[in-house]
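Here is the structure we will look at, set down as structure tokens.
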Amino acid sequence: MTPKNELLFCALGGSGEIGMNVNLYGCNGKWVMVDCGITFADPAYPGIDVILPDLRFIEERLDDLVGIVLTHGHEDHIGALPYLAEDLGVPLYASAFTAGLIRGKLEEERIADRVKLKLVEPGKPFKVGPFDFTMVPMSHSIPEASALVIDTPVGRVFHSGDWKLDAAPIIGDPANEAQLTAIGDAGIDVLMCDSTNIFNANASGSEAEVRKGMEEVVRAARGRVLVTSFASNAARLATLGEVARDTDRAICVTGRSLDRILKVARATGYLKDFPETVDPDAAMRLPPSKVLIVATGGQGEPRAALARVAEGSHTIKLGEGDTVVFSSKEIPGNEVAIGRIQNILAGRGVHIVTERQAKVHVSGHPGRPELAALYRWLRPELLIPVHGEMRHMTEHARFARSEGVPQALVQTNGDLVRLLPGPAAKIGNVPVGRLVLDGDVILPADGTTINERRKLASNGQISVAVALGRDGRALGQPQVRLQGVPVEEDREPFIADVVDAVAESMRGGRDRDRVRENIRLAVRRVATRWTGKKPVVDVLIVGA
């Protein structure tokens with residue numbers, strides 16, 4: 001599919017799911033990508049932490065791809081770049097703070113010198129192929145989040161990125177009603193808009209409210225206070241720095257991603273007034289009432305700082321009389337992991353505070369009042385919901401129509417949509433999917449490796465080694481090894497039964513392949529009879 005004198009749109013990620021945002025716009029024979037993010041694995045992907053988008057559609061059209069424009073620096077918008085940007089081979093366009101985060105990732109992968117990273121100043125137009133872009137600063141939970149005004153020969157798009165309205169944002173100078181109204185006055189054909197909080201009847205709230213709520217919690221605490229939040233939320237870091245100063249507590253920051261955000265923020269002009277930090281050893285030497293700790297791991301990540309604090313393997317130690325504040329919202333799917341850490345902490349007498357007990361968090365995404373305001377200011381002809389599961393996007397479309405937006409079209413990953421000219425319509429489908437980062441290797445998310453791993457995780461594995469003499473008969477006893485087969489105390493009698501089944505299955509057999517298959521089936525029948533499971537059975541035949 002080569003776009004002609006038309007404006008096409010296709011999401012390769014982020015529509016029908018929250019995370020892994022990848023959006024393509026096509027016009028006059030060229031494509032531009034907006035964002036290139038990851039999502040994080042769940043237990044359905046054993047041994048996997050990171051999931052990447054399958055970009056095969058655009059990889060088959062690299063001569064027509066002119067660039068990648070990044071709206072902001074969250075992992076679900078930039079996280080795939082270290083693994084995919086070099087092969088895509090086009091320039092990346094980002095603001096200074098976002099570029100600083102990207103550059104650090106590229107350096108870690110040792111490809112910084114092979115990927116062109118172009119700095120963009122918000123508010124100043126720049127050209128990428130047949131597309132004219134302007135970054136419009138918006139409030140979000142990270143510095144320099146931007147919407148994009150995309151001018152094309154056939155029409156104009158406002159791509160919201162992740163956003164909210166905040167009259168007191170702590171960091172940055174987001175667009176206001178007058179600026180957004182002026183953009184609407186110039187005409188917006190299509191609004192591509194964040195759907196995350198469509199079910200929230202209230203506005204998301206201001207970071208200034210968190211400032212007040214957090215200080216109340218910290219002042220009331222008598223022991224150590226540990227606050228965990230998204231590392232990228234530099235405004236929250238600024239808030240915590242102020243709270244530490246005003247409550248006469250030293251501040252300790254622990255976690256690699258927090259260190260990275262602090263470094264990039266300071267280098268790009270943010271957090272200049274953030275207090276000097278103390279390291280974890282120094283923090284533990286201070287009186288408990290004189291330290292405020294900021295740590296990663298509020299989503300239950302097993303290797304993050306908070307998990308290690310909870311398990312007692314971190315320099316920071318917490319116990320009776322200490323407080324842990326979860327200054328972030330639970331991402332759907334992380335409830336069990338977060339609950340496990342909270343239970344461990346509660347068992348040690350640690351007081352736990354979440355957004356349900358105090359005003360210690362506000363969302364970075366728009367509720368209904370904010371969405372309605374944006375519709376009024378921009379007055380788009382068409383809404384395309386993105387950044388949400390199907391339930392979010394269908395409700396967003398319904399809400400937009402109820403607020404006077406003339407048209408709304410719900411698409412999902414892989415739908416090819418003609419936005420302009422004429423009425424918007426789905427005109428086809430392109431291949432989409434998921435890849436996994438397995439160690440240093442990128443694999444299909446539902447390929448042979450991961451499917452084998454799922455079978456092993458579910459059913460266990462049995463290895464059988466048989467030695468044959470020249471006459472084709474077994475030499476000695478078969479060797480049997482078990483992994484993850486639920487026999488426990490009955491292990492020895494189970495193995496004996498397996499050995500008998502192997503001997504029985506080999507009688508009269510000469511063809512090696514047939515003997516191997518007979519053994520495999522016989523062993524699996526024994527396992528099923530004993531356990532109800534069907535483990536993976538590997539058979540090795542040696543000799544003769």
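Starting from 1 in every chain, residues are counted up; chains themselves are A, B, ... following the order of the structure tokens, and ligands are numbered from 1 as listed.
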- Message: Excluding Thr254 of chain A and its own-chain neighbours fewer than 2 positions away, which residues fall within 7 Å of it when counting only C-alpha atoms? Please give them as number ranges by chain.
- Response: A: 252, 256, 258, 294-296, 305
- Residues flagged strand (DSSP E) by DSSP in segment 63-278 of chain A, as a PyMOL selection string: chain A and resi 65-69+92-94+117-119+126-128+131-137+146-152+155-159+190-194+225-228+250-254
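Those residues that approach segment 496-509 of chain A to within 7 Å, counting only C-alpha atoms, are Pro478, Val515, Asn518, Ile519, Ala522, Val523 and Val526 of chain A; same-chain residues fewer than 5 positions away are not listed.
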Could you please take those selected residues and save N, CA and C atoms as a PDB file, in the first residue's frame?
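Generated output (part28.pdb):
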```
ATOM      1  N   PRO A 478      17.557 -47.342  31.455  1.00  0.00           N
ATOM      2  CA  PRO A 478      17.384 -45.981  30.921  1.00  0.00           C
ATOM      3  C   PRO A 478      17.626 -44.942  32.015  1.00  0.00           C
ATOM      4  N   VAL A 515      11.214 -46.280  17.520  1.00  0.00           N
ATOM      5  CA  VAL A 515      11.497 -46.585  18.927  1.00  0.00           C
ATOM      6  C   VAL A 515      11.447 -45.305  19.760  1.00  0.00           C
ATOM      7  N   ASN A 518       7.847 -44.309  20.217  1.00  0.00           N
ATOM      8  CA  ASN A 518       7.165 -45.224  21.132  1.00  0.00           C
ATOM      9  C   ASN A 518       7.519 -44.914  22.589  1.00  0.00           C
ATOM     10  N   ILE A 519       8.809 -44.635  22.823  1.00  0.00           N
ATOM     11  CA  ILE A 519       9.244 -44.295  24.191  1.00  0.00           C
ATOM     12  C   ILE A 519       8.587 -42.999  24.641  1.00  0.00           C
ATOM     13  N   ALA A 522       4.947 -43.586  25.470  1.00  0.00           N
ATOM     14  CA  ALA A 522       4.788 -44.430  26.659  1.00  0.00           C
ATOM     15  C   ALA A 522       5.076 -43.647  27.939  1.00  0.00           C
ATOM     16  N   VAL A 523       6.137 -42.837  27.911  1.00  0.00           N
ATOM     17  CA  VAL A 523       6.497 -42.048  29.096  1.00  0.00           C
ATOM     18  C   VAL A 523       5.416 -41.008  29.387  1.00  0.00           C
ATOM     19  N   VAL A 526       2.483 -42.571  31.127  1.00  0.00           N
ATOM     20  CA  VAL A 526       2.746 -42.803  32.553  1.00  0.00           C
ATOM     21  C   VAL A 526       2.571 -41.497  33.332  1.00  0.00           C
TER      22      VAL A 526
END
```
- Distance in Å - atom CA of Glu75 of chain A versus atom CA of Asn21 of chain A: 9.4 Å
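Closest approach to Ala304 of chain A from the set A:Gly469, A:Ser458, A:Arg401, A:Ala231 is made by A:Ala231, with distances taken over only C-alpha atoms.
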Between segment 102-220 of chain A and segment 269-273 of chain A, at 10 Å or less, what are the per-residue closest atom pairs and their distances in Å? Count only C-alpha atoms, order by chain and rising residue number, and return it as CSV.
```
residue,atom,partner,partner_atom,distance
A:Pro143,CA,A:Tyr270,CA,8.4
A:Ile171,CA,A:Tyr270,CA,7.5
A:Gly172,CA,A:Tyr270,CA,8.6
```
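Each of A:Ile102, A:Leu475, A:Val350, A:Leu84 was checked against Leu435 of chain A using only C-alpha atoms; the smallest atom-to-atom distance is that of A:Leu84.
Of the listed residues (A:Glu209, A:Asp281, A:Asp162, A:Glu311), A:Glu311 comes nearest to Gln342 of chain A; the distances count only C-alpha atoms.
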